[in-house]
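Enquirer: This is protein_14.txt, which holds compact mmCIF, C-alpha atoms:
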# COMPACT_ATOMS: atom_id res chain seq x y z
CA MET A 295 -308.67 -99.45 53.09
CA ASN A 296 -306.61 -100.48 50.09
CA LEU A 297 -304.98 -103.85 50.77
CA LEU A 298 -303.54 -104.26 47.28
CA THR A 299 -301.09 -102.30 45.15
CA LYS A 300 -302.41 -102.68 41.63
CA ILE A 301 -300.22 -102.52 38.56
CA PRO A 302 -301.64 -99.84 36.22
CA LEU A 303 -302.61 -101.39 32.87
CA SER A 304 -303.91 -99.68 29.73
CA LYS A 305 -306.32 -101.07 27.16
CA SER A 306 -304.59 -102.25 24.00
CA LYS A 307 -305.23 -100.37 20.77
CA ASN A 308 -305.27 -103.72 18.93
CA PRO A 309 -307.35 -105.99 21.18
CA ILE A 310 -308.38 -109.59 20.54
CA ASP A 311 -311.91 -110.28 19.37
CA TYR A 312 -313.73 -113.34 18.06
CA SER A 313 -312.60 -112.67 14.49
CA GLY A 314 -308.96 -112.86 15.61
CA GLN A 315 -306.62 -115.79 15.03
CA LEU A 316 -304.28 -116.59 17.92
CA LEU A 317 -301.01 -118.48 18.26
CA LEU A 318 -299.83 -119.23 21.81
CA LEU A 319 -296.32 -120.52 22.40
CA GLY A 320 -294.12 -121.04 25.40
CA SER A 321 -294.13 -122.22 28.99
CA CYS A 322 -296.89 -124.00 30.88
CA PHE A 323 -298.41 -120.66 31.89
CA SER A 324 -299.26 -120.04 28.22
CA GLU A 325 -301.42 -123.15 28.50
CA ASN A 326 -303.27 -121.65 31.48
CA ILE A 327 -304.20 -118.56 29.44
CA GLY A 328 -304.71 -120.73 26.36
CA ALA A 329 -307.20 -122.89 28.25
CA LYS A 330 -309.21 -119.78 29.15
CA LEU A 331 -309.22 -118.58 25.53
CA GLU A 332 -310.23 -122.07 24.38
CA TYR A 333 -313.03 -122.23 26.98
CA TYR A 334 -314.46 -118.99 25.62
CA LYS A 335 -314.11 -120.33 22.06
CA PHE A 336 -311.55 -117.92 20.66
CA GLN A 337 -309.87 -119.19 17.51
CA GLY A 338 -306.25 -120.26 17.71
CA LEU A 339 -303.48 -122.80 18.05
CA GLN A 340 -301.70 -123.52 21.31
CA ASN A 341 -298.25 -125.06 21.82
CA PRO A 342 -298.25 -127.46 18.84
CA PHE A 343 -294.79 -128.73 19.94
CA GLY A 344 -295.89 -128.91 23.56
CA ILE A 345 -294.54 -126.70 26.34
CA LEU A 346 -291.40 -124.80 25.31
CA PHE A 347 -289.60 -123.14 28.20
CA HIS A 348 -286.94 -120.93 26.63
CA PRO A 349 -286.73 -118.54 23.65
CA LEU A 350 -284.32 -120.63 21.55
CA ALA A 351 -286.77 -123.54 21.51
CA ILE A 352 -289.60 -121.22 20.43
CA GLU A 353 -287.36 -119.66 17.78
CA LYS A 354 -286.53 -123.09 16.35
CA LEU A 355 -290.23 -123.98 16.08
CA ILE A 356 -290.98 -120.70 14.30
CA GLN A 357 -288.03 -121.22 11.97
CA LYS A 358 -289.12 -124.76 11.07
CA SER A 359 -292.67 -123.57 10.51
CA VAL A 360 -291.88 -120.50 8.39
CA HIS A 361 -289.43 -122.49 6.22
CA GLN A 362 -291.57 -125.66 6.44
CA GLU A 363 -288.61 -127.76 7.49
CA LEU A 364 -290.00 -131.26 8.04
CA ILE A 365 -288.13 -133.74 10.23
CA THR A 366 -286.86 -137.21 9.26
CA GLU A 367 -285.61 -140.30 11.08
CA LYS A 368 -282.28 -138.64 11.88
CA ASP A 369 -284.10 -136.02 13.99
CA VAL A 370 -285.56 -138.48 16.53
CA PHE A 371 -283.96 -140.88 19.01
CA ASN A 372 -285.00 -143.75 21.24
CA GLU A 373 -284.69 -143.56 25.02
CA ASN A 374 -286.55 -145.58 27.68
CA GLU A 375 -288.61 -147.42 25.04
CA GLN A 376 -289.93 -144.16 23.55
CA TRP A 377 -289.02 -142.11 20.51
CA HIS A 378 -288.31 -138.44 21.24
CA SER A 379 -287.26 -135.21 19.56
CA PHE A 380 -284.93 -132.79 21.29
CA ASP A 381 -286.96 -129.98 19.67
CA ALA A 382 -290.32 -130.96 21.18
CA HIS A 383 -291.92 -131.63 24.54
CA SER A 384 -292.37 -135.19 25.77
CA CYS A 385 -296.12 -134.96 25.10
CA LEU A 386 -295.23 -135.71 21.46
CA SER A 387 -292.99 -138.67 22.36
CA ASN A 388 -294.26 -142.02 21.15
CA ARG A 389 -293.41 -145.70 21.07
CA SER A 390 -293.73 -145.54 17.29
CA LYS A 391 -290.96 -143.81 15.37
CA GLU A 392 -293.27 -143.25 12.41
CA LYS A 393 -295.96 -141.73 14.63
CA ILE A 394 -293.71 -139.16 16.30
CA ILE A 395 -292.30 -138.07 12.93
CA THR A 396 -295.82 -137.69 11.54
CA ASP A 397 -297.06 -135.81 14.62
CA ILE A 398 -294.14 -133.37 14.64
CA ASN A 399 -294.43 -132.70 10.91
CA ASP A 400 -298.18 -132.13 11.35
CA ALA A 401 -297.29 -129.63 14.11
CA VAL A 402 -294.85 -127.86 11.77
CA GLU A 403 -297.50 -127.59 9.07
CA SER A 404 -300.28 -126.42 11.42
CA THR A 405 -297.96 -123.83 12.96
CA SER A 406 -296.90 -122.67 9.49
CA ALA A 407 -300.54 -122.10 8.54
CA GLN A 408 -301.35 -120.34 11.82
CA VAL A 409 -298.30 -118.06 11.70
CA LYS A 410 -299.40 -116.77 8.31
CA LYS A 411 -302.91 -115.85 9.46
CA ALA A 412 -302.39 -115.02 13.15
CA SER A 413 -303.68 -111.65 14.29
CA HIS A 414 -302.00 -112.04 17.71
CA ILE A 415 -299.02 -114.17 18.76
CA ILE A 416 -298.72 -114.65 22.52
CA ILE A 417 -295.30 -115.86 23.69
CA THR A 418 -294.67 -116.77 27.33
CA LEU A 419 -291.03 -117.18 28.31
CA GLY A 420 -290.33 -119.46 31.26
CA THR A 421 -286.59 -119.52 31.76
CA ALA A 422 -283.26 -118.29 30.40
CA TRP A 423 -281.55 -121.51 31.51
CA VAL A 424 -280.90 -123.92 28.64
CA TYR A 425 -279.32 -127.34 28.18
CA ARG A 426 -276.83 -127.97 25.39
CA ASN A 427 -276.35 -131.49 24.02
CA THR A 428 -272.61 -132.13 24.19
CA SER A 429 -272.61 -134.54 21.23
CA SER A 430 -274.46 -132.25 18.79
CA ASN A 431 -273.61 -128.90 20.45
CA GLN A 432 -277.29 -127.97 20.00
CA VAL A 433 -279.50 -126.37 22.66
CA VAL A 434 -282.47 -128.66 23.29
CA ALA A 435 -286.09 -127.86 24.07
CA ASN A 436 -286.41 -130.87 26.37
CA CYS A 437 -283.92 -133.37 27.78
CA HIS A 438 -286.45 -136.27 27.92
CA LYS A 439 -284.72 -137.74 31.00
CA VAL A 440 -281.57 -138.45 29.03
CA PRO A 441 -278.68 -138.65 31.57
CA GLN A 442 -277.51 -135.23 32.75
CA SER A 443 -273.94 -136.07 31.73
CA ASN A 444 -275.00 -135.62 28.09
CA PHE A 445 -275.68 -131.90 28.58
CA THR A 446 -274.12 -128.69 29.78
CA LYS A 447 -276.32 -126.13 31.52
CA GLU A 448 -276.04 -122.51 30.40
CA LEU A 449 -277.70 -119.21 31.26
CA LEU A 450 -278.63 -117.16 28.20
CA SER A 451 -277.44 -113.58 28.52
CA VAL A 452 -279.83 -110.65 28.14
CA ASP A 453 -278.38 -109.98 24.68
CA GLU A 454 -278.75 -113.63 23.62
CA VAL A 455 -282.42 -113.67 24.65
CA ALA A 456 -283.05 -110.30 22.95
CA GLU A 457 -281.42 -111.44 19.70
CA SER A 458 -283.51 -114.61 19.71
CA LEU A 459 -286.71 -112.59 20.19
CA LYS A 460 -285.71 -110.29 17.32
CA ARG A 461 -285.19 -113.30 15.06
CA ILE A 462 -288.62 -114.67 16.06
CA ILE A 463 -290.25 -111.35 15.19
CA ALA A 464 -288.39 -111.12 11.86
CA LEU A 465 -289.32 -114.69 10.90
CA VAL A 466 -293.02 -114.09 11.57
CA GLN A 467 -293.01 -110.71 9.84
CA SER A 468 -291.48 -112.29 6.72
CA VAL A 469 -294.80 -114.11 6.16
CA ASN A 470 -297.22 -112.05 8.28
CA PRO A 471 -296.23 -108.38 8.73
CA SER A 472 -299.46 -107.45 10.54
CA ALA A 473 -299.23 -109.98 13.41
CA GLN A 474 -299.35 -108.41 16.88
CA PHE A 475 -296.84 -109.79 19.40
CA ILE A 476 -297.65 -110.11 23.08
CA PHE A 477 -294.68 -111.18 25.21
CA THR A 478 -294.98 -112.18 28.83
CA VAL A 479 -292.83 -113.91 31.45
CA SER A 480 -294.24 -116.94 33.23
CA PRO A 481 -294.91 -116.53 36.96
CA VAL A 482 -294.06 -120.23 37.44
CA ARG A 483 -291.01 -120.50 39.72
CA HIS A 484 -288.25 -122.73 38.30
CA LEU A 485 -286.91 -123.61 41.73
CA LYS A 486 -285.06 -126.69 40.48
CA ASP A 487 -282.56 -124.19 39.09
CA GLY A 488 -282.25 -122.64 42.55
CA PHE A 489 -283.97 -119.66 44.20
CA VAL A 490 -281.33 -117.11 43.24
CA GLU A 491 -280.85 -118.71 39.81
CA ASN A 492 -284.59 -118.52 39.12
CA GLN A 493 -284.65 -114.79 39.87
CA LEU A 494 -281.55 -114.26 37.74
CA SER A 495 -283.20 -116.13 34.86
CA LYS A 496 -286.44 -114.14 35.10
CA SER A 497 -284.49 -110.87 35.23
CA HIS A 498 -282.68 -111.78 32.00
CA LEU A 499 -285.98 -112.54 30.28
CA ILE A 500 -287.65 -109.33 31.46
CA SER A 501 -284.63 -107.18 30.58
CA ALA A 502 -284.38 -108.76 27.12
CA ILE A 503 -288.07 -108.26 26.32
CA HIS A 504 -287.88 -104.61 27.33
CA LYS A 505 -284.75 -104.19 25.24
CA VAL A 506 -286.67 -105.49 22.22
CA LEU A 507 -289.67 -103.33 23.14
CA GLU A 508 -287.52 -100.26 22.53
CA GLU A 509 -286.89 -101.30 18.92
CA ASN A 510 -290.10 -103.03 17.85
CA ILE A 511 -293.82 -102.37 17.95
CA ILE A 512 -294.62 -105.22 20.31
CA SER A 513 -296.41 -105.47 23.64
CA TYR A 514 -295.60 -106.77 27.10
CA PHE A 515 -298.16 -108.20 29.51
CA PRO A 516 -296.88 -108.37 33.12
CA SER A 517 -297.97 -111.88 34.19
CA TYR A 518 -294.86 -112.31 36.32
CA GLU A 519 -295.24 -108.90 37.97
CA LEU A 520 -298.93 -109.49 38.70
CA MET A 521 -298.02 -112.68 40.55
CA MET A 522 -295.07 -111.16 42.39
CA ASP A 523 -296.59 -107.77 43.28
CA GLU A 524 -300.38 -108.02 43.30
CA LEU A 525 -300.64 -111.65 44.49
CA ARG A 526 -297.60 -111.69 46.76
CA ASP A 527 -298.77 -114.45 49.05
CA TYR A 528 -298.24 -118.23 49.14
CA ARG A 529 -302.00 -118.80 49.25
CA PHE A 530 -302.01 -118.02 45.53
CA TYR A 531 -299.70 -120.96 44.77
CA ALA A 532 -300.58 -124.59 44.16
CA LYS A 533 -299.46 -127.28 46.62
CA ASP A 534 -296.06 -127.52 44.93
CA MET A 535 -295.42 -123.84 45.81
CA VAL A 536 -294.18 -123.39 42.26
CA HIS A 537 -297.22 -122.99 40.00
CA PRO A 538 -299.97 -120.36 40.41
CA ASN A 539 -303.18 -121.91 41.70
CA GLU A 540 -306.61 -121.59 40.12
CA VAL A 541 -307.42 -118.36 41.98
CA ALA A 542 -304.20 -116.73 40.75
CA ILE A 543 -304.76 -117.91 37.17
CA ASP A 544 -308.32 -116.53 37.22
CA TYR A 545 -307.06 -113.20 38.59
CA ILE A 546 -304.33 -112.82 35.96
CA TRP A 547 -306.85 -113.85 33.28
CA GLU A 548 -309.21 -111.08 34.44
CA ARG A 549 -306.38 -108.56 34.18
CA PHE A 550 -305.53 -109.94 30.72
CA ILE A 551 -309.15 -109.36 29.65
CA GLU A 552 -308.89 -105.74 30.82
CA VAL A 553 -306.00 -105.12 28.44
CA TRP A 554 -306.34 -107.51 25.54
CA ILE A 555 -309.94 -108.63 25.03
CA ASP A 556 -312.17 -106.44 22.91
CA ASP A 557 -315.67 -105.47 24.01
CA THR A 558 -316.91 -109.05 23.61
CA THR A 559 -317.89 -109.58 27.23
CA ALA A 560 -321.57 -110.04 26.35
CA GLN A 561 -320.69 -112.79 23.86
CA MET A 562 -318.26 -114.34 26.35
CA ARG A 563 -321.02 -114.47 28.96
CA LYS A 564 -323.23 -116.35 26.48
CA VAL A 565 -320.43 -118.82 25.75
CA ASP A 566 -319.80 -119.25 29.49
CA GLU A 567 -323.49 -119.94 30.08
CA VAL A 568 -323.42 -122.69 27.46
CA GLN A 569 -320.16 -124.15 28.78
CA ARG A 570 -321.56 -124.29 32.30
CA GLY A 571 -324.68 -125.93 30.93
CA LEU A 572 -322.62 -128.58 29.16
CA GLN A 573 -320.87 -129.38 32.42
CA HIS A 574 -324.18 -129.90 34.22
CA ARG A 575 -324.85 -133.47 35.35
CA ALA A 576 -328.52 -134.38 35.72
CA PHE A 577 -329.93 -136.44 38.58
CA ASN A 578 -332.51 -137.82 36.17
CA PRO A 579 -331.19 -137.68 32.57
CA GLU A 580 -334.44 -139.07 31.14
CA GLY A 581 -336.71 -136.72 33.07
CA ASP A 582 -338.76 -133.94 31.46
CA ALA A 583 -336.90 -131.20 33.34
CA HIS A 584 -333.54 -132.31 31.96
CA GLN A 585 -334.88 -132.81 28.45
CA ASN A 586 -336.28 -129.28 28.48
CA PHE A 587 -332.93 -128.04 29.79
CA LEU A 588 -331.15 -129.73 26.85
CA LYS A 589 -333.57 -128.19 24.35
CA SER A 590 -332.96 -124.73 25.83
CA LEU A 591 -329.21 -125.33 25.71
CA ALA A 592 -329.39 -126.42 22.07
CA GLN A 593 -331.29 -123.22 21.21
CA LYS A 594 -328.62 -121.10 22.91
CA ILE A 595 -325.89 -122.91 20.97
CA ALA A 596 -327.77 -122.41 17.70
CA LEU A 597 -328.06 -118.65 18.35
CA ILE A 598 -324.32 -118.38 19.11
CA LYS A 599 -323.41 -120.38 15.99
CA GLN A 600 -325.51 -118.05 13.84
CA GLU A 601 -323.11 -115.26 14.78
CA TYR A 602 -319.96 -117.39 15.16
CA PRO A 603 -320.22 -120.49 12.92
CA PHE A 604 -316.70 -121.63 13.86
CA MET A 605 -317.68 -122.34 17.47
CA ASP A 606 -318.21 -126.02 18.24
CA PHE A 607 -319.97 -127.32 21.34
CA ASN A 608 -320.34 -130.99 22.20
CA ILE A 609 -323.81 -131.46 23.61
Can the structure from this file be put into structure tokens for me?

Expert:
Amino acid sequence: MNLLTKIPLSKSKNPIDYSGQLLLLGSCFSENIGAKLEYYKFQGLQNPFGILFHPLAIEKLIQKSVHQELITEKDVFNENEQWHSFDAHSCLSNRSKEKIITDINDAVESTSAQVKKASHIIITLGTAWVYRNTSSNQVVANCHKVPQSNFTKELLSVDEVAESLKRIIALVQSVNPSAQFIFTVSPVRHLKDGFVENQLSKSHLISAIHKVLEENIISYFPSYELMMDELRDYRFYAKDMVHPNEVAIDYIWERFIEVWIDDTTAQMRKVDEVQRGLQHRAFNPEGDAHQNFLKSLAQKIALIKQEYPFMDFNI
């Protein structure tokens, strides 16, 4: 009995392997996949500006990075005893004005370096709803709890999203023509926008990506569709009924491996074995059994590092 309708997926002709360099940008779901890639010690950079929900915010980061546009004091503001940037997530906010400027400029520089060498750029779009600052007339990446009266809420049209994605691709290709793009739509439900409004937003994102697919050699991974069609049950959501739970994330990750990870499963198993070993907590840390376990673990790490010197494990 088949209790699941599976989405047919094909293996990519340009898969990710351990020699690849990755850049992951976008919504919080990109961090779920990014955490998996980091766990298995793939090389890359993930959300240097923090979570970015919509395409215009991602485009602005890419633009700053490609043109190496560093920020100054005029680009940050103070609200609720913290300094913020409307172009970055609150994870970069800081009580020190100097510190946030330094951190954001470091993020611009690290992104600039990664864009130039990235083999794969994975972009997860979360929403087509954006907030425009009425005083500057600029669309912001994050409102930072500034009063709602300072913004107008807008829904990006399919064409506006598509044009933004085209500009992102063109910016990257101006410095790295060989980068492979993987676009996906986050399965996280933005219910604060409303149930109907969330579906409308997701439909704009999906339609725009497929419009760009017709004109560019890019790829689409159906994260949203996997959640909606293969895992169509509330038991696959976290307690907030908005975010996918751990089971759902693991399932979508396994489907991602099917399409995008090269035949490195043997190496990934070795890395997983070491990672599980590092998470082990001994009942008797000074005992012979645990000391022998640590020696065996160190030998396994040494063998992995012979093949992949860039991998770091904290033992």

Enquirer: To one decimal place in Å, what is the distance between CA of Phe604 in chain A and CA of Ile345 in chain A?

Expert: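 Computing the Euclidean distance for CA of Phe604 in chain A and CA of Ile345 in chain A yields 25.9 Å.
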
Enquirer: Would you mind listing, for every residue of range 336-392 of chain A within 7 Å of range 399-407 of chain A, the two atoms forming the shortest contact and the distance between them in Å to one decimal, using only C-alpha atoms, sorted by chain and ascending residue number, as a Markdown table?

Expert:
| residue | atom | partner | partner_atom | distance |
| --- | --- | --- | --- | --- |
| A:Pro342 | CA | A:Ala401 | CA | 5.3 |
| A:Phe343 | CA | A:Ala401 | CA | 6.4 |
| A:Lys358 | CA | A:Val402 | CA | 6.6 |
| A:Ser359 | CA | A:Ser406 | CA | 4.4 |
| A:Val360 | CA | A:Ser406 | CA | 5.6 |
| A:Gln362 | CA | A:Val402 | CA | 6.6 |
| A:Leu364 | CA | A:Asn399 | CA | 5.5 |
| A:Ile365 | CA | A:Asn399 | CA | 6.4 |

Enquirer: Got time to write the residues from that selection, C-alpha atoms, as a tab-separated table (two decimals), keeping the file's coordinate frame?

Expert:
chain	number	residue	atom	x	y	z
A	342	PRO	CA	-298.25	-127.46	18.84
A	343	PHE	CA	-294.79	-128.73	19.94
A	358	LYS	CA	-289.12	-124.76	11.07
A	359	SER	CA	-292.67	-123.57	10.51
A	360	VAL	CA	-291.88	-120.50	8.39
A	362	GLN	CA	-291.57	-125.66	6.44
A	364	LEU	CA	-290.00	-131.26	8.04
A	365	ILE	CA	-288.13	-133.74	10.23

Enquirer: Which polymer residues, protein or nucleic acid, are no farther than 7 Å from (-293.9, -107.3, 28.7), counting only C-alpha atoms, as a list in words?

Expert: Phe477, Thr478, Ile503, His504, Ser513, Tyr514, Phe515 and Pro516 of chain A

Enquirer: Save out the residues we just selected, C-alpha atoms, as a PDB file, in the frame of the given file.

Expert:
ATOM      1  CA  PHE A 477    -294.680-111.180  25.210  1.00  0.00           C
ATOM      2  CA  THR A 478    -294.980-112.180  28.830  1.00  0.00           C
ATOM      3  CA  ILE A 503    -288.070-108.260  26.320  1.00  0.00           C
ATOM      4  CA  HIS A 504    -287.880-104.610  27.330  1.00  0.00           C
ATOM      5  CA  SER A 513    -296.410-105.470  23.640  1.00  0.00           C
ATOM      6  CA  TYR A 514    -295.600-106.770  27.100  1.00  0.00           C
ATOM      7  CA  PHE A 515    -298.160-108.200  29.510  1.00  0.00           C
ATOM      8  CA  PRO A 516    -296.880-108.370  33.120  1.00  0.00           C
TER       9      PRO A 516
END

Enquirer: Can you measure CA of Lys411 in chain A to CA of Lys599 in chain A for me? One decimal in Å is fine.

Expert: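 A separation of 22.0 Å between them.
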
Enquirer: Near Ser430 in chain A, counting all atoms listed in the file, which residues have an atom at most 10 Å away, once you skip same-chain residues fewer than 4 positions from it, shown as JSON, numbers by chain?

Expert: {"A": [426, 434, 444, 445]}

Enquirer: Emit the selected residues as a PDB file, in the frame of the given file, including C-alpha atoms.

Expert:
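again35.pdb was written with the following content:
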ATOM      1  CA  ARG A 426    -276.830-127.970  25.390  1.00  0.00           C
ATOM      2  CA  VAL A 434    -282.470-128.660  23.290  1.00  0.00           C
ATOM      3  CA  ASN A 444    -275.000-135.620  28.090  1.00  0.00           C
ATOM      4  CA  PHE A 445    -275.680-131.900  28.580  1.00  0.00           C
TER       5      PHE A 445
END

Enquirer: Between CA of Pro471 in chain A and CA of Asn510 in chain A, what is the distance, to one decimal in Å?

Expert: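 Calculated distance between CA of Pro471 in chain A and CA of Asn510 in chain A is 12.2 Å.
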
Enquirer: Considering all atoms listed in the file, state which residue in the set A:Ala473, A:Ala560, A:Leu520, A:Ile598 is at the smallest distance from His414 in chain A.

Expert: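 So, comparing all the options, the nearest one is A:Ala473.
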
Enquirer: Using all atoms listed in the file, which residues sit within 12 Å of Gly488 in chain A once same-chain residues fewer than 5 positions away are excluded, as number ranges by chain?

Expert: A: 423, 483, 493-495, 536

Enquirer: Which residues come within 12 Å of Ser443 in chain A, counting only C-alpha atoms, excluding same-chain residues fewer than 2 positions away, as an NGL selection string?

Expert: :A and (425-429 or 437 or 439-441 or 445-447)

Enquirer: Rebuild range 423-449 of chain A to N, CA and C atoms - output it as a short mmCIF file (atom, residue, chain, number, x, y, z; two decimals), keeping the file's coordinate frame, please.

Expert:
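Result written to out_39.cif:
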data_model
loop_
_atom_site.label_atom_id
_atom_site.label_comp_id
_atom_site.auth_asym_id
_atom_site.auth_seq_id
_atom_site.Cartn_x
_atom_site.Cartn_y
_atom_site.Cartn_z
N TRP A 423 -282.46 -120.38 31.39
CA TRP A 423 -281.55 -121.51 31.51
C TRP A 423 -281.81 -122.50 30.38
N VAL A 424 -280.76 -122.97 29.74
CA VAL A 424 -280.90 -123.92 28.64
C VAL A 424 -279.92 -125.07 28.84
N TYR A 425 -280.20 -126.18 28.15
CA TYR A 425 -279.32 -127.34 28.18
C TYR A 425 -278.80 -127.60 26.77
N ARG A 426 -277.48 -127.74 26.67
CA ARG A 426 -276.83 -127.97 25.39
C ARG A 426 -276.35 -129.43 25.31
N ASN A 427 -276.76 -130.11 24.26
CA ASN A 427 -276.35 -131.49 24.02
C ASN A 427 -274.87 -131.50 23.64
N THR A 428 -274.05 -132.18 24.42
CA THR A 428 -272.61 -132.13 24.19
C THR A 428 -272.19 -132.83 22.89
N SER A 429 -272.98 -133.82 22.45
CA SER A 429 -272.61 -134.54 21.23
C SER A 429 -272.93 -133.74 19.97
N SER A 430 -274.06 -133.02 19.98
CA SER A 430 -274.46 -132.25 18.79
C SER A 430 -274.13 -130.77 18.91
N ASN A 431 -273.84 -130.32 20.15
CA ASN A 431 -273.61 -128.90 20.45
C ASN A 431 -274.85 -128.05 20.21
N GLN A 432 -276.03 -128.68 20.21
CA GLN A 432 -277.29 -127.97 20.00
C GLN A 432 -278.03 -127.78 21.32
N VAL A 433 -278.63 -126.61 21.51
CA VAL A 433 -279.50 -126.37 22.66
C VAL A 433 -280.81 -127.11 22.43
N VAL A 434 -281.26 -127.84 23.44
CA VAL A 434 -282.47 -128.66 23.29
C VAL A 434 -283.67 -127.97 23.93
N ALA A 435 -284.85 -128.35 23.46
CA ALA A 435 -286.09 -127.86 24.07
C ALA A 435 -286.45 -128.68 25.29
N ASN A 436 -286.07 -129.97 25.28
CA ASN A 436 -286.41 -130.87 26.37
C ASN A 436 -285.37 -131.98 26.43
N CYS A 437 -284.96 -132.35 27.63
CA CYS A 437 -283.92 -133.37 27.78
C CYS A 437 -284.47 -134.80 27.77
N HIS A 438 -285.79 -134.96 27.97
CA HIS A 438 -286.45 -136.27 27.92
C HIS A 438 -285.79 -137.30 28.84
N LYS A 439 -285.31 -136.86 29.99
CA LYS A 439 -284.72 -137.74 31.00
C LYS A 439 -283.48 -138.48 30.50
N VAL A 440 -282.87 -137.95 29.45
CA VAL A 440 -281.57 -138.45 29.03
C VAL A 440 -280.58 -138.09 30.14
N PRO A 441 -279.61 -138.95 30.47
CA PRO A 441 -278.68 -138.65 31.57
C PRO A 441 -278.07 -137.26 31.48
N GLN A 442 -277.98 -136.62 32.66
CA GLN A 442 -277.51 -135.23 32.75
C GLN A 442 -276.10 -135.07 32.20
N SER A 443 -275.33 -136.14 32.21
CA SER A 443 -273.94 -136.07 31.73
C SER A 443 -273.86 -135.77 30.24
N ASN A 444 -274.98 -135.89 29.53
CA ASN A 444 -275.00 -135.62 28.09
C ASN A 444 -275.22 -134.15 27.77
N PHE A 445 -275.36 -133.31 28.81
CA PHE A 445 -275.68 -131.90 28.58
C PHE A 445 -274.81 -130.99 29.43
N THR A 446 -274.67 -129.77 28.95
CA THR A 446 -274.12 -128.69 29.78
C THR A 446 -275.23 -127.66 29.98
N LYS A 447 -275.28 -127.11 31.18
CA LYS A 447 -276.32 -126.13 31.52
C LYS A 447 -275.75 -124.73 31.36
N GLU A 448 -276.51 -123.86 30.67
CA GLU A 448 -276.04 -122.51 30.40
C GLU A 448 -277.15 -121.50 30.69
N LEU A 449 -276.76 -120.31 31.08
CA LEU A 449 -277.70 -119.21 31.26
C LEU A 449 -277.56 -118.26 30.08
#
